[in-house]
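Here is the file target-v7.csv (CSV, C-alpha atoms).
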```csv
chain,number,residue,atom,x,y,z
A,1,ILE,CA,78.5,76.5,52.8
A,2,ARG,CA,81.0,74.9,55.1
A,3,ARG,CA,83.9,76.6,53.2
A,4,ALA,CA,82.1,79.9,53.5
A,5,ASP,CA,81.5,79.4,57.2
A,6,LEU,CA,85.2,78.4,57.7
A,7,LEU,CA,86.4,81.5,55.8
A,8,ILE,CA,84.2,83.8,57.9
A,9,SER,CA,85.4,82.1,61.1
A,10,ARG,CA,89.0,82.7,60.1
A,11,GLN,CA,88.3,86.3,59.2
A,12,GLN,CA,86.7,86.9,62.6
A,13,MET,CA,89.6,85.2,64.4
A,14,SER,CA,92.1,87.3,62.4
A,15,ARG,CA,90.2,90.5,63.4
A,16,LYS,CA,90.2,89.5,67.1
A,17,THR,CA,94.0,88.7,66.9
A,18,ASP,CA,94.7,92.1,65.3
A,19,SER,CA,92.6,93.9,67.9
A,20,HIS,CA,94.4,91.9,70.6
A,21,HIS,CA,97.8,92.9,69.3
A,22,GLY,CA,96.6,96.5,68.9
A,23,LEU,CA,95.6,96.7,72.6
A,24,HIS,CA,98.9,95.2,73.6
A,25,ASP,CA,100.7,97.9,71.6
A,26,VAL,CA,98.7,100.7,73.3
A,27,ILE,CA,99.5,99.2,76.8
A,28,GLY,CA,103.1,98.8,75.9
A,29,VAL,CA,103.6,102.3,74.7
A,30,ALA,CA,101.7,103.7,77.7
A,31,LEU,CA,103.8,101.8,80.2
A,32,LEU,CA,107.1,102.8,78.4
A,33,GLY,CA,105.9,106.4,78.4
A,34,ALA,CA,105.1,106.2,82.1
A,35,ALA,CA,108.5,104.7,82.9
A,36,LEU,CA,110.2,107.5,81.1
A,37,LEU,CA,108.1,110.2,82.8
A,38,ILE,CA,108.8,108.8,86.3
A,39,PHE,CA,112.5,108.3,85.5
A,40,LEU,CA,112.9,111.9,84.5
A,41,ALA,CA,110.9,113.1,87.4
A,42,GLN,CA,113.1,111.1,89.8
A,43,ILE,CA,116.6,112.0,88.5
A,44,THR,CA,115.7,115.8,88.5
A,45,PHE,CA,113.9,115.7,91.9
A,46,ASN,CA,114.6,118.6,94.3
A,47,ARG,CA,113.0,118.5,97.7
A,48,GLY,CA,113.0,122.3,97.6
A,49,GLU,CA,109.9,122.1,95.3
A,50,ILE,CA,107.8,120.2,97.8
A,51,SER,CA,105.9,122.5,100.2
A,52,GLN,CA,105.2,119.8,102.7
A,53,ILE,CA,108.9,119.3,103.5
A,54,THR,CA,110.5,122.6,102.5
A,55,PHE,CA,109.9,126.2,103.5
A,56,PRO,CA,110.3,128.6,101.8
A,57,LEU,CA,110.0,126.9,98.4
A,58,ASP,CA,112.6,127.3,95.7
A,59,LYS,CA,111.5,129.9,93.2
A,60,ASP,CA,113.0,128.0,90.2
A,61,VAL,CA,111.5,124.7,89.0
A,62,HIS,CA,114.3,122.1,88.6
A,63,ASN,CA,112.2,119.1,87.8
A,64,SER,CA,112.1,118.2,84.1
A,65,ILE,CA,108.4,117.3,84.4
A,66,GLY,CA,107.6,120.5,86.2
A,67,PRO,CA,105.7,120.8,89.6
A,68,PHE,CA,103.7,117.7,88.7
A,69,GLY,CA,106.9,115.7,88.3
A,70,ALA,CA,108.3,116.9,91.6
A,71,TYR,CA,105.2,115.6,93.5
A,72,LEU,CA,105.0,112.4,91.4
A,73,ALA,CA,108.6,111.5,92.3
A,74,TRP,CA,108.1,112.4,95.9
A,75,PHE,CA,104.9,110.3,96.2
A,76,ILE,CA,106.9,107.3,95.0
A,77,PHE,CA,109.9,108.0,97.1
A,78,LEU,CA,107.7,108.2,100.3
A,79,PRO,CA,106.7,104.5,100.4
A,80,PHE,CA,109.7,103.0,98.6
A,81,GLY,CA,112.7,105.1,99.5
A,82,ILE,CA,115.5,104.6,96.9
A,83,VAL,CA,113.8,101.4,95.8
A,84,ALA,CA,111.6,103.8,93.9
A,85,TYR,CA,114.3,104.0,91.3
A,86,LEU,CA,113.4,100.4,90.3
A,87,VAL,CA,109.8,101.5,89.4
A,88,PRO,CA,110.7,102.8,85.9
A,89,PRO,CA,112.7,99.7,85.0
A,90,LEU,CA,109.8,97.5,86.1
A,91,LEU,CA,107.3,99.5,84.1
A,92,ALA,CA,109.6,99.4,81.1
A,93,PHE,CA,109.9,95.6,81.6
A,94,PHE,CA,106.1,95.1,81.4
A,95,GLY,CA,105.8,97.7,78.6
A,96,ALA,CA,108.4,95.8,76.5
A,97,ALA,CA,106.6,92.5,77.2
A,98,TYR,CA,103.4,94.0,75.7
A,99,LEU,CA,104.8,96.0,72.9
A,100,LEU,CA,107.4,93.6,71.6
A,101,ASP,CA,105.1,90.6,72.2
A,102,PHE,CA,107.7,88.5,74.2
A,103,LEU,CA,107.9,87.2,77.8
A,104,SER,CA,104.4,85.8,77.3
A,105,TYR,CA,104.4,84.3,80.8
A,106,VAL,CA,104.3,87.9,82.2
A,107,ARG,CA,101.1,88.7,80.3
A,108,GLU,CA,99.5,85.4,80.9
A,109,ARG,CA,100.0,85.6,84.6
A,110,LEU,CA,99.7,89.3,84.9
A,111,ARG,CA,98.2,89.4,88.4
A,112,TRP,CA,100.9,87.1,89.8
A,113,SER,CA,103.5,89.1,87.9
A,114,LEU,CA,102.3,92.4,89.5
A,115,LEU,CA,102.1,90.7,92.9
A,116,TRP,CA,105.6,89.4,92.8
A,117,SER,CA,106.9,92.8,91.4
A,118,PHE,CA,105.4,94.5,94.4
A,119,LEU,CA,106.8,91.9,96.8
A,120,LEU,CA,110.2,92.4,95.2
A,121,LEU,CA,110.0,96.1,95.9
A,122,VAL,CA,108.8,95.6,99.4
A,123,SER,CA,111.5,93.1,100.3
A,124,LEU,CA,114.1,95.5,99.1
A,125,THR,CA,112.7,98.3,101.1
A,126,GLY,CA,113.0,96.1,104.2
A,127,LEU,CA,116.6,95.3,103.5
A,128,LEU,CA,117.5,98.9,102.9
A,129,TYR,CA,115.6,100.0,106.1
A,130,ILE,CA,117.7,97.6,108.1
A,131,ALA,CA,120.9,98.6,106.3
A,132,ASP,CA,120.1,102.3,106.9
A,133,GLY,CA,119.4,101.8,110.6
A,134,GLY,CA,115.9,103.2,110.2
A,135,GLY,CA,117.2,106.4,108.7
A,136,THR,CA,120.0,107.0,111.2
A,137,ARG,CA,122.9,106.4,108.8
A,138,GLY,CA,123.4,109.2,106.3
A,139,ASN,CA,121.1,111.9,105.0
A,140,PHE,CA,120.3,110.7,101.5
A,141,HIS,CA,116.8,109.7,102.6
A,142,ALA,CA,116.2,113.2,103.7
A,143,ASN,CA,117.2,114.5,100.3
A,144,ILE,CA,114.3,112.5,98.7
A,145,GLY,CA,111.9,113.4,101.5
A,146,THR,CA,111.3,110.0,103.1
A,147,LEU,CA,111.8,108.2,106.4
A,148,SER,CA,114.8,106.1,105.4
A,149,LEU,CA,116.5,104.5,102.4
A,150,GLY,CA,113.7,101.8,102.6
A,151,GLY,CA,110.9,104.4,102.8
A,152,TRP,CA,107.8,103.9,104.9
A,153,LEU,CA,107.2,100.4,103.6
A,154,GLY,CA,110.5,99.3,105.0
A,155,TRP,CA,109.4,100.7,108.4
A,156,LEU,CA,105.9,99.2,108.1
A,157,THR,CA,107.1,95.7,107.4
A,158,TYR,CA,110.0,95.7,109.9
A,159,LEU,CA,107.8,97.7,112.4
A,160,GLN,CA,110.1,98.2,115.4
A,161,THR,CA,109.4,100.8,118.0
A,162,GLN,CA,111.2,101.8,121.1
A,163,GLN,CA,108.7,99.9,123.2
A,164,ARG,CA,107.8,96.8,121.2
A,165,ASN,CA,108.5,94.8,118.0
A,166,PHE,CA,105.6,94.0,115.7
A,167,GLY,CA,106.6,93.1,112.2
A,168,LEU,CA,109.6,91.2,110.9
A,169,SER,CA,111.6,92.8,113.7
A,170,LEU,CA,110.3,89.9,115.8
A,171,PHE,CA,112.8,87.7,114.0
A,172,GLY,CA,115.7,90.0,114.7
A,173,PRO,CA,117.8,91.7,112.1
A,174,VAL,CA,119.4,88.5,110.9
A,175,GLY,CA,116.1,86.6,110.6
A,176,ALA,CA,114.4,89.6,108.9
A,177,ILE,CA,117.3,89.9,106.4
A,178,ILE,CA,116.9,86.1,105.5
A,179,ILE,CA,113.1,86.5,105.0
A,180,TYR,CA,113.5,89.7,102.9
A,181,THR,CA,116.2,88.1,100.8
A,182,THR,CA,114.2,85.0,100.3
A,183,LEU,CA,111.2,86.9,99.1
A,184,ALA,CA,113.3,89.0,96.8
A,185,LEU,CA,114.9,85.9,95.2
A,186,ILE,CA,111.5,84.2,94.8
A,187,SER,CA,110.1,87.3,93.2
A,188,LEU,CA,113.1,87.5,90.7
A,189,LEU,CA,112.7,83.8,89.9
A,190,PHE,CA,109.1,84.3,89.0
A,191,LEU,CA,109.5,87.5,87.1
A,192,THR,CA,112.5,86.1,85.0
A,193,ASN,CA,111.0,82.6,84.7
A,194,PHE,CA,114.4,81.3,85.6
A,195,HIS,CA,114.4,77.7,86.6
A,196,LEU,CA,117.0,77.6,89.4
A,197,GLY,CA,116.6,73.9,90.1
A,198,VAL,CA,117.2,73.0,86.5
A,199,TRP,CA,120.3,75.2,86.3
A,200,VAL,CA,121.8,73.8,89.6
A,201,ARG,CA,121.2,70.2,88.5
A,202,ALA,CA,122.8,70.9,85.1
A,203,TRP,CA,125.8,72.6,86.8
A,204,LEU,CA,126.2,69.7,89.2
A,205,GLN,CA,125.9,67.2,86.3
A,206,LYS,CA,128.6,69.2,84.3
A,207,GLU,CA,130.9,69.2,87.3
A,208,LYS,CA,130.4,65.4,87.8
A,209,SER,CA,131.1,64.8,84.1
A,210,GLU,CA,134.2,66.9,84.1
A,211,LYS,CA,135.5,65.0,87.1
A,212,ALA,CA,134.8,61.7,85.5
A,213,ILE,CA,136.7,62.8,82.3
A,214,VAL,CA,139.7,63.9,84.4
A,215,ALA,CA,139.6,60.6,86.3
A,216,ASP,CA,139.5,58.6,83.0
A,217,ASP,CA,142.4,60.6,81.5
A,218,ALA,CA,144.6,60.2,84.6
A,219,PRO,CA,147.6,58.0,83.8
A,220,GLU,CA,147.8,54.5,85.3
A,221,PHE,CA,150.9,53.4,87.1
```

As structure tokens, how would this structure be written, given the file I've shared?
Amino acid sequence: IRRADLLISRQQMSRKTDSHHGLHDVIGVALLGAALLIFLAQITFNRGEISQITFPLDKDVHNSIGPFGAYLAWFIFLPFGIVAYLVPPLLAFFGAAYLLDFLSYVRERLRWSLLWSFLLLVSLTGLLYIADGGGTRGNFHANIGTLSLGGWLGWLTYLQTQQRNFGLSLFGPVGAIIIYTTLALISLLFLTNFHLGVWVRAWLQKEKSEKAIVADDAPEF
């Protein structure tokens, strides 16, 4: 009886595992498909197809994904600016983690992974908003139909007006750059699971060992 119960239990566990992997495959394929869809929509984007920012509209559809693709790309460009081009790689990153069953820490800490992915994008929008002078340097942001290279999120987090400073602009450009950069690096460390402290200690130890070897090999007079 015990052997039969054990066999049934193993069969049930196997079915659950297969079902679990099947769901991961579906999620992985869906994310990779979404990444490709957004990527094609972005690289073939033409502001002339968006009625809210262009009049009259272009008669010819240039976007590879059609009118839907034009608006899809624009809706992502609006908040993120050119940082929107990182959305497809991030989706592909998560899709590969599910489909190929690697980077288990991404799936196990999915909420945190999504949070740090968003913070990475936001911190980059802030850096680009400052670098772009709030949309006063160049016209590329106008070509993608947004406020600046950092999009609206860059403006929202920096939040500087002619009358007052509200957001990270309270720290000044240098302070804001330090905060944005720190958030971006922390996000990358979490998403890549890279142990910076371990790497630095190993590098320092290696340097120390090499200096000790050189000192031992030095001729004595």

What does the structure give for the distance between CA of Asn193 in chain A and CA of Ile38 in chain A, in Å to one decimal?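 It comes out at 26.3 Å.
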
Can you work out which one of A:Leu159, A:Ala212, A:Leu31, A:Leu128 has the shortest atom-to-atom distance to Ala97 in chain A, counting only C-alpha atoms?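 Result for the nearest residue to Ala97 in chain A: A:Leu31.
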
My list of candidates is A:Leu149, A:Ala70, A:Val198, A:Ala35. Which is closest to Gln52 in chain A when distances are computed with only C-alpha atoms? A:Ala70

Residue among A:Ile50, A:Leu72, A:Ala131, A:Leu32 lying closest to Pro88 in chain A, counting only C-alpha atoms: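 Among A:Ile50, A:Leu72, A:Ala131, A:Leu32, it is A:Leu32 that comes nearest to Pro88 in chain A.
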
I'd like the interatomic distance between CA of Leu114 in chain A and CA of Phe45 in chain A, to a tenth of an Å.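 Computed distance, CA of Leu114 in chain A to CA of Phe45 in chain A, equals 26.1 Å.
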
Give me the residues near range 107-110 of chain A as a PyMOL selection string, where near means some atom within 12 Å (using only C-alpha atoms) and where sequence neighbours in that chain fewer than 6 positions away do not count. chain A and resi 24+27-28+93-101+116-117+190-191+193

Measure the distance from CA of Ala176 in chain A to CA of Leu127 in chain A in Å and round it to one decimal.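 Answer for the CA of Ala176 in chain A to CA of Leu127 in chain A separation: 8.2 Å.
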
Near Tyr180 in chain A, within 9 Å and counting only C-alpha atoms, which residues show up once chain neighbours fewer than 2 positions away are dropped, as JSON, numbers by chain? {"A": [120, 122, 123, 124, 125, 126, 127, 175, 176, 177, 178, 182, 183, 184, 185]}

Save out the residues we just selected, C-alpha atoms, as a PDB file, in the coordinates of the input.
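Wrote it out as result-v2.pdb, contents follow:
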```pdb
ATOM      1  CA  LEU A 120     110.200  92.400  95.200  1.00  0.00           C
ATOM      2  CA  VAL A 122     108.800  95.600  99.400  1.00  0.00           C
ATOM      3  CA  SER A 123     111.500  93.100 100.300  1.00  0.00           C
ATOM      4  CA  LEU A 124     114.100  95.500  99.100  1.00  0.00           C
ATOM      5  CA  THR A 125     112.700  98.300 101.100  1.00  0.00           C
ATOM      6  CA  GLY A 126     113.000  96.100 104.200  1.00  0.00           C
ATOM      7  CA  LEU A 127     116.600  95.300 103.500  1.00  0.00           C
ATOM      8  CA  GLY A 175     116.100  86.600 110.600  1.00  0.00           C
ATOM      9  CA  ALA A 176     114.400  89.600 108.900  1.00  0.00           C
ATOM     10  CA  ILE A 177     117.300  89.900 106.400  1.00  0.00           C
ATOM     11  CA  ILE A 178     116.900  86.100 105.500  1.00  0.00           C
ATOM     12  CA  THR A 182     114.200  85.000 100.300  1.00  0.00           C
ATOM     13  CA  LEU A 183     111.200  86.900  99.100  1.00  0.00           C
ATOM     14  CA  ALA A 184     113.300  89.000  96.800  1.00  0.00           C
ATOM     15  CA  LEU A 185     114.900  85.900  95.200  1.00  0.00           C
TER      16      LEU A 185
END
```

Which residues are close to Ile65 in chain A, i.e. within 8 Å by only C-alpha atoms, leaving aside same-chain residues fewer than 4 positions away? Reply as a ChimeraX atom specification. /A:37,40-41,69-70

Anything within 10 Å of (119.9, 105.5, 96.0): list those residues as a ChimeraX atom specification, counting all atoms listed in the file and sticking to the file's coordinates. /A:81-85,128,140-141,144,149-150

Near Ser51 in chain A, within 12 Å and counting all atoms listed in the file, which residues show up once chain neighbours fewer than 4 positions away are dropped, as an mmCIF file with C-alpha atoms, in the frame of the given file?
```cif
data_model
loop_
_atom_site.group_PDB
_atom_site.id
_atom_site.type_symbol
_atom_site.label_atom_id
_atom_site.label_comp_id
_atom_site.auth_asym_id
_atom_site.auth_seq_id
_atom_site.Cartn_x
_atom_site.Cartn_y
_atom_site.Cartn_z
ATOM 1 C CA ASN A 46 114.600 118.600 94.300
ATOM 2 C CA ARG A 47 113.000 118.500 97.700
ATOM 3 C CA PHE A 55 109.900 126.200 103.500
ATOM 4 C CA PRO A 56 110.300 128.600 101.800
ATOM 5 C CA LEU A 57 110.000 126.900 98.400
ATOM 6 C CA ASP A 58 112.600 127.300 95.700
ATOM 7 C CA LYS A 59 111.500 129.900 93.200
ATOM 8 C CA PRO A 67 105.700 120.800 89.600
ATOM 9 C CA ALA A 70 108.300 116.900 91.600
ATOM 10 C CA TYR A 71 105.200 115.600 93.500
ATOM 11 C CA TRP A 74 108.100 112.400 95.900
ATOM 12 C CA GLY A 145 111.900 113.400 101.500
#
```

Taking (105.0, 95.9, 110.0) in the file's coordinates as the center, which residues reach within 9 Å of it, counting all atoms listed in the file, put as number ranges by chain? A: 153-160, 165-169

Preceding selection exported with C-alpha atoms as an mmCIF file, in the coordinates of the input:
```cif
data_model
loop_
_atom_site.group_PDB
_atom_site.id
_atom_site.type_symbol
_atom_site.label_atom_id
_atom_site.label_comp_id
_atom_site.auth_asym_id
_atom_site.auth_seq_id
_atom_site.Cartn_x
_atom_site.Cartn_y
_atom_site.Cartn_z
ATOM 1 C CA LEU A 153 107.200 100.400 103.600
ATOM 2 C CA GLY A 154 110.500 99.300 105.000
ATOM 3 C CA TRP A 155 109.400 100.700 108.400
ATOM 4 C CA LEU A 156 105.900 99.200 108.100
ATOM 5 C CA THR A 157 107.100 95.700 107.400
ATOM 6 C CA TYR A 158 110.000 95.700 109.900
ATOM 7 C CA LEU A 159 107.800 97.700 112.400
ATOM 8 C CA GLN A 160 110.100 98.200 115.400
ATOM 9 C CA ASN A 165 108.500 94.800 118.000
ATOM 10 C CA PHE A 166 105.600 94.000 115.700
ATOM 11 C CA GLY A 167 106.600 93.100 112.200
ATOM 12 C CA LEU A 168 109.600 91.200 110.900
ATOM 13 C CA SER A 169 111.600 92.800 113.700
#
```

Taking only C-alpha atoms into account, name the residue in A:Thr44, A:Ser209, A:Thr192, A:Thr161 that is nearest to Val106 in chain A.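 So, comparing all the options, the nearest one is A:Thr192.
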